[in-house]
Every structure is written in C-alpha cells, then in structure tokens.
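This is work14.pdb (PDB, N, CA and C atoms).
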ATOM      1  N   MET J   1     191.910  -1.844 -22.111  1.00  0.00           N
ATOM      2  CA  MET J   1     192.180  -2.232 -20.744  1.00  0.00           C
ATOM      3  C   MET J   1     193.519  -2.942 -20.656  1.00  0.00           C
ATOM      4  N   ASN J   2     194.099  -2.761 -19.545  1.00  0.00           N
ATOM      5  CA  ASN J   2     195.392  -3.380 -19.310  1.00  0.00           C
ATOM      6  C   ASN J   2     195.176  -4.736 -18.641  1.00  0.00           C
ATOM      7  N   ALA J   3     195.636  -5.816 -19.255  1.00  0.00           N
ATOM      8  CA  ALA J   3     195.426  -7.169 -18.747  1.00  0.00           C
ATOM      9  C   ALA J   3     196.250  -7.445 -17.500  1.00  0.00           C
ATOM     10  N   GLU J   4     197.300  -6.679 -17.293  1.00  0.00           N
ATOM     11  CA  GLU J   4     198.152  -6.915 -16.132  1.00  0.00           C
ATOM     12  C   GLU J   4     197.448  -6.573 -14.816  1.00  0.00           C
ATOM     13  N   LYS J   5     196.434  -5.748 -14.848  1.00  0.00           N
ATOM     14  CA  LYS J   5     195.708  -5.390 -13.633  1.00  0.00           C
ATOM     15  C   LYS J   5     194.989  -6.601 -13.030  1.00  0.00           C
ATOM     16  N   PHE J   6     194.607  -7.513 -13.885  1.00  0.00           N
ATOM     17  CA  PHE J   6     193.830  -8.658 -13.422  1.00  0.00           C
ATOM     18  C   PHE J   6     194.698  -9.871 -13.106  1.00  0.00           C
ATOM     19  N   CYS J   7     195.970  -9.797 -13.384  1.00  0.00           N
ATOM     20  CA  CYS J   7     196.874 -10.904 -13.076  1.00  0.00           C
ATOM     21  C   CYS J   7     197.241 -10.849 -11.603  1.00  0.00           C
ATOM     22  N   VAL J   8     197.277 -11.988 -10.998  1.00  0.00           N
ATOM     23  CA  VAL J   8     197.648 -12.082  -9.597  1.00  0.00           C
ATOM     24  C   VAL J   8     199.090 -12.555  -9.538  1.00  0.00           C
ATOM     25  N   ASN J   9     199.913 -11.753  -8.922  1.00  0.00           N
ATOM     26  CA  ASN J   9     201.320 -12.126  -8.771  1.00  0.00           C
ATOM     27  C   ASN J   9     201.479 -12.851  -7.446  1.00  0.00           C
ATOM     28  N   ILE J  10     201.827 -14.111  -7.532  1.00  0.00           N
ATOM     29  CA  ILE J  10     202.046 -14.918  -6.335  1.00  0.00           C
ATOM     30  C   ILE J  10     203.539 -15.207  -6.273  1.00  0.00           C
ATOM     31  N   ASP J  11     204.173 -14.722  -5.237  1.00  0.00           N
ATOM     32  CA  ASP J  11     205.591 -14.979  -5.110  1.00  0.00           C
ATOM     33  C   ASP J  11     205.843 -16.016  -4.026  1.00  0.00           C
ATOM     34  N   ARG J  12     207.093 -16.248  -3.759  1.00  0.00           N
ATOM     35  CA  ARG J  12     207.485 -17.305  -2.838  1.00  0.00           C
ATOM     36  C   ARG J  12     207.017 -17.032  -1.411  1.00  0.00           C
ATOM     37  N   ARG J  13     206.973 -15.757  -1.005  1.00  0.00           N
ATOM     38  CA  ARG J  13     206.539 -15.416   0.344  1.00  0.00           C
ATOM     39  C   ARG J  13     205.082 -15.803   0.582  1.00  0.00           C
ATOM     40  N   ASP J  14     204.246 -15.691  -0.434  1.00  0.00           N
ATOM     41  CA  ASP J  14     202.844 -16.081  -0.288  1.00  0.00           C
ATOM     42  C   ASP J  14     202.706 -17.583  -0.038  1.00  0.00           C
ATOM     43  N   TYR J  15     203.500 -18.368  -0.751  1.00  0.00           N
ATOM     44  CA  TYR J  15     203.470 -19.810  -0.542  1.00  0.00           C
ATOM     45  C   TYR J  15     203.983 -20.173   0.850  1.00  0.00           C
ATOM     46  N   MET J  16     205.022 -19.495   1.300  1.00  0.00           N
ATOM     47  CA  MET J  16     205.566 -19.768   2.630  1.00  0.00           C
ATOM     48  C   MET J  16     204.562 -19.381   3.719  1.00  0.00           C
ATOM     49  N   SER J  17     203.853 -18.288   3.516  1.00  0.00           N
ATOM     50  CA  SER J  17     202.836 -17.873   4.485  1.00  0.00           C
ATOM     51  C   SER J  17     201.713 -18.898   4.554  1.00  0.00           C
ATOM     52  N   LEU J  18     201.288 -19.377   3.401  1.00  0.00           N
ATOM     53  CA  LEU J  18     200.246 -20.394   3.355  1.00  0.00           C
ATOM     54  C   LEU J  18     200.723 -21.687   4.010  1.00  0.00           C
ATOM     55  N   LEU J  19     201.955 -22.066   3.747  1.00  0.00           N
ATOM     56  CA  LEU J  19     202.520 -23.264   4.351  1.00  0.00           C
ATOM     57  C   LEU J  19     202.609 -23.115   5.870  1.00  0.00           C
ATOM     58  N   LEU J  20     203.009 -21.942   6.342  1.00  0.00           N
ATOM     59  CA  LEU J  20     203.090 -21.688   7.770  1.00  0.00           C
ATOM     60  C   LEU J  20     201.705 -21.754   8.418  1.00  0.00           C
ATOM     61  N   LEU J  21     200.716 -21.196   7.768  1.00  0.00           N
ATOM     62  CA  LEU J  21     199.345 -21.244   8.286  1.00  0.00           C
ATOM     63  C   LEU J  21     198.847 -22.686   8.383  1.00  0.00           C
ATOM     64  N   ILE J  22     199.083 -23.476   7.355  1.00  0.00           N
ATOM     65  CA  ILE J  22     198.657 -24.879   7.364  1.00  0.00           C
ATOM     66  C   ILE J  22     199.383 -25.646   8.459  1.00  0.00           C
ATOM     67  N   LEU J  23     200.671 -25.383   8.639  1.00  0.00           N
ATOM     68  CA  LEU J  23     201.438 -26.051   9.687  1.00  0.00           C
ATOM     69  C   LEU J  23     200.906 -25.689  11.068  1.00  0.00           C
ATOM     70  N   MET J  24     200.580 -24.425  11.289  1.00  0.00           N
ATOM     71  CA  MET J  24     200.023 -24.009  12.578  1.00  0.00           C
ATOM     72  C   MET J  24     198.681 -24.679  12.844  1.00  0.00           C
ATOM     73  N   LEU J  25     197.843 -24.782  11.835  1.00  0.00           N
ATOM     74  CA  LEU J  25     196.543 -25.445  11.995  1.00  0.00           C
ATOM     75  C   LEU J  25     196.714 -26.931  12.301  1.00  0.00           C
ATOM     76  N   LEU J  26     197.690 -27.562  11.668  1.00  0.00           N
ATOM     77  CA  LEU J  26     197.946 -28.979  11.947  1.00  0.00           C
ATOM     78  C   LEU J  26     198.440 -29.179  13.377  1.00  0.00           C
ATOM     79  N   VAL J  27     199.284 -28.284  13.858  1.00  0.00           N
ATOM     80  CA  VAL J  27     199.769 -28.391  15.234  1.00  0.00           C
ATOM     81  C   VAL J  27     198.610 -28.205  16.209  1.00  0.00           C
ATOM     82  N   LEU J  28     197.755 -27.229  15.969  1.00  0.00           N
ATOM     83  CA  LEU J  28     196.605 -27.012  16.845  1.00  0.00           C
ATOM     84  C   LEU J  28     195.649 -28.208  16.814  1.00  0.00           C
ATOM     85  N   ALA J  29     195.435 -28.776  15.646  1.00  0.00           N
ATOM     86  CA  ALA J  29     194.562 -29.948  15.543  1.00  0.00           C
ATOM     87  C   ALA J  29     195.174 -31.141  16.285  1.00  0.00           C
ATOM     88  N   GLY J  30     196.475 -31.326  16.167  1.00  0.00           N
ATOM     89  CA  GLY J  30     197.145 -32.403  16.879  1.00  0.00           C
ATOM     90  C   GLY J  30     197.044 -32.223  18.383  1.00  0.00           C
ATOM     91  N   TYR J  31     197.206 -30.997  18.853  1.00  0.00           N
ATOM     92  CA  TYR J  31     197.086 -30.711  20.284  1.00  0.00           C
ATOM     93  C   TYR J  31     195.670 -31.009  20.775  1.00  0.00           C
ATOM     94  N   ALA J  32     194.670 -30.617  19.990  1.00  0.00           N
ATOM     95  CA  ALA J  32     193.280 -30.871  20.376  1.00  0.00           C
ATOM     96  C   ALA J  32     192.991 -32.367  20.429  1.00  0.00           C
ATOM     97  N   ILE J  33     193.541 -33.122  19.508  1.00  0.00           N
ATOM     98  CA  ILE J  33     193.335 -34.574  19.494  1.00  0.00           C
ATOM     99  C   ILE J  33     193.991 -35.212  20.710  1.00  0.00           C
ATOM    100  N   VAL J  34     195.204 -34.785  21.028  1.00  0.00           N
ATOM    101  CA  VAL J  34     195.902 -35.341  22.199  1.00  0.00           C
ATOM    102  C   VAL J  34     195.127 -35.035  23.473  1.00  0.00           C
ATOM    103  N   LYS J  35     194.624 -33.822  23.611  1.00  0.00           N
ATOM    104  CA  LYS J  35     193.857 -33.457  24.796  1.00  0.00           C
ATOM    105  C   LYS J  35     192.551 -34.246  24.867  1.00  0.00           C
ATOM    106  N   ALA J  36     191.947 -34.541  23.728  1.00  0.00           N
ATOM    107  CA  ALA J  36     190.666 -35.249  23.709  1.00  0.00           C
ATOM    108  C   ALA J  36     190.812 -36.708  24.106  1.00  0.00           C
ATOM    109  N   ILE J  37     191.944 -37.324  23.809  1.00  0.00           N
ATOM    110  CA  ILE J  37     192.088 -38.752  24.120  1.00  0.00           C
ATOM    111  C   ILE J  37     192.654 -38.996  25.508  1.00  0.00           C
ATOM    112  N   GLN J  38     193.099 -37.951  26.202  1.00  0.00           N
ATOM    113  CA  GLN J  38     193.585 -38.138  27.565  1.00  0.00           C
ATOM    114  C   GLN J  38     192.410 -38.358  28.498  1.00  0.00           C
ATOM    115  N   PRO J  39     192.588 -39.230  29.499  1.00  0.00           N
ATOM    116  CA  PRO J  39     191.486 -39.471  30.435  1.00  0.00           C
ATOM    117  C   PRO J  39     191.194 -38.225  31.268  1.00  0.00           C
ATOM    118  N   LYS J  40     189.909 -38.008  31.525  1.00  0.00           N
ATOM    119  CA  LYS J  40     189.502 -36.839  32.277  1.00  0.00           C
ATOM    120  C   LYS J  40     189.627 -37.055  33.788  1.00  0.00           C
ATOM    121  N   ASN J  41     189.466 -38.291  34.232  1.00  0.00           N
ATOM    122  CA  ASN J  41     189.578 -38.594  35.655  1.00  0.00           C
ATOM    123  C   ASN J  41     191.026 -38.879  36.013  1.00  0.00           C
ATOM    124  N   PRO J  42     191.431 -38.530  37.217  1.00  0.00           N
ATOM    125  CA  PRO J  42     192.803 -38.863  37.614  1.00  0.00           C
ATOM    126  C   PRO J  42     192.957 -40.372  37.764  1.00  0.00           C
ATOM    127  N   PRO J  43     194.162 -40.879  37.653  1.00  0.00           N
ATOM    128  CA  PRO J  43     194.371 -42.327  37.801  1.00  0.00           C
ATOM    129  C   PRO J  43     194.070 -42.771  39.237  1.00  0.00           C
ATOM    130  N   ILE J  44     193.850 -44.044  39.391  1.00  0.00           N
ATOM    131  CA  ILE J  44     193.560 -44.607  40.710  1.00  0.00           C
ATOM    132  C   ILE J  44     194.832 -44.510  41.554  1.00  0.00           C
ATOM    133  N   GLU J  45     194.694 -43.934  42.733  1.00  0.00           N
ATOM    134  CA  GLU J  45     195.874 -43.687  43.566  1.00  0.00           C
ATOM    135  C   GLU J  45     196.396 -44.966  44.213  1.00  0.00           C
ATOM    136  N   ASN J  46     195.506 -45.764  44.798  1.00  0.00           N
ATOM    137  CA  ASN J  46     195.931 -46.981  45.478  1.00  0.00           C
ATOM    138  C   ASN J  46     195.345 -48.177  44.727  1.00  0.00           C
ATOM    139  N   MET J  47     196.107 -48.717  43.821  1.00  0.00           N
ATOM    140  CA  MET J  47     195.618 -49.786  42.957  1.00  0.00           C
ATOM    141  C   MET J  47     195.329 -51.067  43.750  1.00  0.00           C
ATOM    142  N   GLU J  48     196.131 -51.378  44.743  1.00  0.00           N
ATOM    143  CA  GLU J  48     195.913 -52.609  45.520  1.00  0.00           C
ATOM    144  C   GLU J  48     194.586 -52.558  46.266  1.00  0.00           C
ATOM    145  N   GLU J  49     194.293 -51.439  46.893  1.00  0.00           N
ATOM    146  CA  GLU J  49     193.021 -51.293  47.618  1.00  0.00           C
ATOM    147  C   GLU J  49     191.845 -51.365  46.642  1.00  0.00           C
ATOM    148  N   HIS J  50     192.004 -50.737  45.497  1.00  0.00           N
ATOM    149  CA  HIS J  50     190.952 -50.760  44.480  1.00  0.00           C
ATOM    150  C   HIS J  50     190.672 -52.190  44.014  1.00  0.00           C
ATOM    151  N   LEU J  51     191.727 -52.956  43.765  1.00  0.00           N
ATOM    152  CA  LEU J  51     191.549 -54.336  43.320  1.00  0.00           C
ATOM    153  C   LEU J  51     190.929 -55.212  44.409  1.00  0.00           C
ATOM    154  N   LYS J  52     191.276 -54.970  45.661  1.00  0.00           N
ATOM    155  CA  LYS J  52     190.673 -55.733  46.757  1.00  0.00           C
ATOM    156  C   LYS J  52     189.166 -55.492  46.820  1.00  0.00           C
ATOM    157  N   ILE J  53     188.762 -54.246  46.657  1.00  0.00           N
ATOM    158  CA  ILE J  53     187.329 -53.916  46.690  1.00  0.00           C
ATOM    159  C   ILE J  53     186.613 -54.600  45.540  1.00  0.00           C
ATOM    160  N   ILE J  54     187.179 -54.530  44.353  1.00  0.00           N
ATOM    161  CA  ILE J  54     186.536 -55.139  43.175  1.00  0.00           C
ATOM    162  C   ILE J  54     186.446 -56.654  43.343  1.00  0.00           C
ATOM    163  N   GLN J  55     187.489 -57.275  43.837  1.00  0.00           N
ATOM    164  CA  GLN J  55     187.482 -58.733  43.999  1.00  0.00           C
ATOM    165  C   GLN J  55     186.549 -59.190  45.113  1.00  0.00           C
ATOM    166  N   SER J  56     186.248 -58.306  46.035  1.00  0.00           N
ATOM    167  CA  SER J  56     185.368 -58.704  47.136  1.00  0.00           C
ATOM    168  C   SER J  56     183.883 -58.630  46.742  1.00  0.00           C
ATOM    169  N   LEU J  57     183.578 -58.016  45.632  1.00  0.00           N
ATOM    170  CA  LEU J  57     182.177 -57.913  45.206  1.00  0.00           C
ATOM    171  C   LEU J  57     181.693 -59.266  44.689  1.00  0.00           C
ATOM    172  N   PRO J  58     180.405 -59.582  44.878  1.00  0.00           N
ATOM    173  CA  PRO J  58     179.924 -60.940  44.621  1.00  0.00           C
ATOM    174  C   PRO J  58     179.827 -61.342  43.146  1.00  0.00           C
ATOM    175  N   ASN J  59     179.458 -60.417  42.272  1.00  0.00           N
ATOM    176  CA  ASN J  59     179.266 -60.811  40.872  1.00  0.00           C
ATOM    177  C   ASN J  59     179.638 -59.667  39.928  1.00  0.00           C
ATOM    178  N   GLN J  60     179.548 -59.972  38.634  1.00  0.00           N
ATOM    179  CA  GLN J  60     179.937 -59.002  37.621  1.00  0.00           C
ATOM    180  C   GLN J  60     179.038 -57.767  37.646  1.00  0.00           C
ATOM    181  N   LYS J  61     177.772 -57.958  37.881  1.00  0.00           N
ATOM    182  CA  LYS J  61     176.836 -56.838  37.910  1.00  0.00           C
ATOM    183  C   LYS J  61     177.186 -55.861  39.042  1.00  0.00           C
ATOM    184  N   ALA J  62     177.541 -56.394  40.198  1.00  0.00           N
ATOM    185  CA  ALA J  62     177.943 -55.547  41.330  1.00  0.00           C
ATOM    186  C   ALA J  62     179.248 -54.814  41.027  1.00  0.00           C
ATOM    187  N   ARG J  63     180.175 -55.496  40.350  1.00  0.00           N
ATOM    188  CA  ARG J  63     181.439 -54.845  39.985  1.00  0.00           C
ATOM    189  C   ARG J  63     181.202 -53.711  38.994  1.00  0.00           C
ATOM    190  N   GLN J  64     180.349 -53.951  38.006  1.00  0.00           N
ATOM    191  CA  GLN J  64     180.045 -52.901  37.028  1.00  0.00           C
ATOM    192  C   GLN J  64     179.375 -51.706  37.696  1.00  0.00           C
ATOM    193  N   LYS J  65     178.458 -51.970  38.620  1.00  0.00           N
ATOM    194  CA  LYS J  65     177.780 -50.887  39.336  1.00  0.00           C
ATOM    195  C   LYS J  65     178.792 -50.079  40.153  1.00  0.00           C
ATOM    196  N   TYR J  66     179.692 -50.790  40.833  1.00  0.00           N
ATOM    197  CA  TYR J  66     180.715 -50.114  41.635  1.00  0.00           C
ATOM    198  C   TYR J  66     181.601 -49.214  40.755  1.00  0.00           C
ATOM    199  N   LEU J  67     182.032 -49.747  39.604  1.00  0.00           N
ATOM    200  CA  LEU J  67     182.891 -48.978  38.714  1.00  0.00           C
ATOM    201  C   LEU J  67     182.176 -47.774  38.113  1.00  0.00           C
ATOM    202  N   ARG J  68     180.871 -47.934  37.803  1.00  0.00           N
ATOM    203  CA  ARG J  68     180.091 -46.793  37.314  1.00  0.00           C
ATOM    204  C   ARG J  68     179.972 -45.715  38.378  1.00  0.00           C
ATOM    205  N   ASP J  69     179.771 -46.156  39.627  1.00  0.00           N
ATOM    206  CA  ASP J  69     179.601 -45.196  40.727  1.00  0.00           C
ATOM    207  C   ASP J  69     180.875 -44.405  40.993  1.00  0.00           C
ATOM    208  N   ILE J  70     182.027 -45.061  40.953  1.00  0.00           N
ATOM    209  CA  ILE J  70     183.260 -44.313  41.225  1.00  0.00           C
ATOM    210  C   ILE J  70     183.681 -43.462  40.022  1.00  0.00           C
ATOM    211  N   ALA J  71     183.177 -43.772  38.841  1.00  0.00           N
ATOM    212  CA  ALA J  71     183.509 -42.976  37.657  1.00  0.00           C
ATOM    213  C   ALA J  71     182.789 -41.636  37.658  1.00  0.00           C
ATOM    214  N   LYS J  72     181.719 -41.529  38.412  1.00  0.00           N
ATOM    215  CA  LYS J  72     180.957 -40.276  38.451  1.00  0.00           C
ATOM    216  C   LYS J  72     181.640 -39.209  39.228  1.00  0.00           C
TER     217      LYS J  72
END
Once you've parsed the file, please lay out its structure as structure tokens.
Amino acid sequence: MNAEKFCVNIDRRDYMSLLLLILMLLVLAGYAIVKAIQPKNPPIENMEEHLKIIQSLPNQKARQKYLRDIAK
C-alpha cells in the first residue's frame, strides 16, 4: 500500500479558509450579542412628563406598579 494516500495535505489556503470561517462566526456572534443587549422598548419620548407622573405617585409600591404597567 502506498502511505501517501492516507496523508492529508494541508496548505496555506486551508488555514486561511478556516480563519475566515472563524472570523465570520465571531462577527455573527458579536452582532447577536449587541442585538440582545439593546432595549426592546423605545425610549421614553417626554421625560419631563414621565418624571412628573412618577413623582406624583404616593409611594414606592405605586411607582413600581406604574412602571410595570407601562413596560407591558
């Protein structure tokens, strides 16, 4: 039997292809992480009005309930 049939020839192009694949996967993973940490709800449009409403509530429990309700 010829031993050369079982040898795997790995040249520079194979390493570059593997490196390119790993780089693409890292970019996709980074994009997914960035998208996951962004808030899903839009920012509050009128911050002054929002703060007035929160400050007018009587206690912490009412404020938490209000914030839970608007988050839905």
(request) Record the distance separating atom C of J:Ile33 and atom C of J:Leu20, expressed in Å with one decimal. (result)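 Going from atom C of J:Ile33 over to atom C of J:Leu20, I get 19.8 Å.
Interatomic distance, atom N of J:Asp14 against atom C of J:Ala29: 24.5 Å.
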(message) Using Å and a single decimal, report how far atom C of J:Tyr15 sits from atom CA of J:Val34.
(response)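 Computed distance, atom CA of J:Val34 to atom C of J:Tyr15, equals 27.4 Å.
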How big is the axis-aligned box around all listed atoms of stretch 29-40 of chain J once 5 Å goes on each side, and where's its centre, in Å to one decimal, as AutoDock Vina command-line options?
--center_x 193.4 --center_y -34.1 --center_z 24.7 --size_x 17.7 --size_y 20.7 --size_z 28.2
(message) For the helix (DSSP H, G or I) assignment from backbone DSSP, which residues of chain J qualify? Please present them as a PyMOL selection string.
(response) chain J and resi 3-6+12-37+47-56+60-71
(message) Nearest residue to J:Leu67 out of J:Ile44, J:Ile37, J:Ile54, J:Leu18, using all atoms listed in the file?
(response)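 Of J:Ile44, J:Ile37, J:Ile54, J:Leu18, the one nearest J:Leu67 is J:Ile54, counting all atoms listed in the file.
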(request) Would you kindly return, as a list in words, each protein, DNA or RNA residue with an atom no farther than 12 Å from any atom of stretch 38-43 of chain J, considering only C-alpha atoms and excluding same-chain residues fewer than 5 positions away? (result)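 Result of the neighbour search: Tyr31, Ala32, Ile33, His50, Ile70, Ala71 and Lys72 of chain J.
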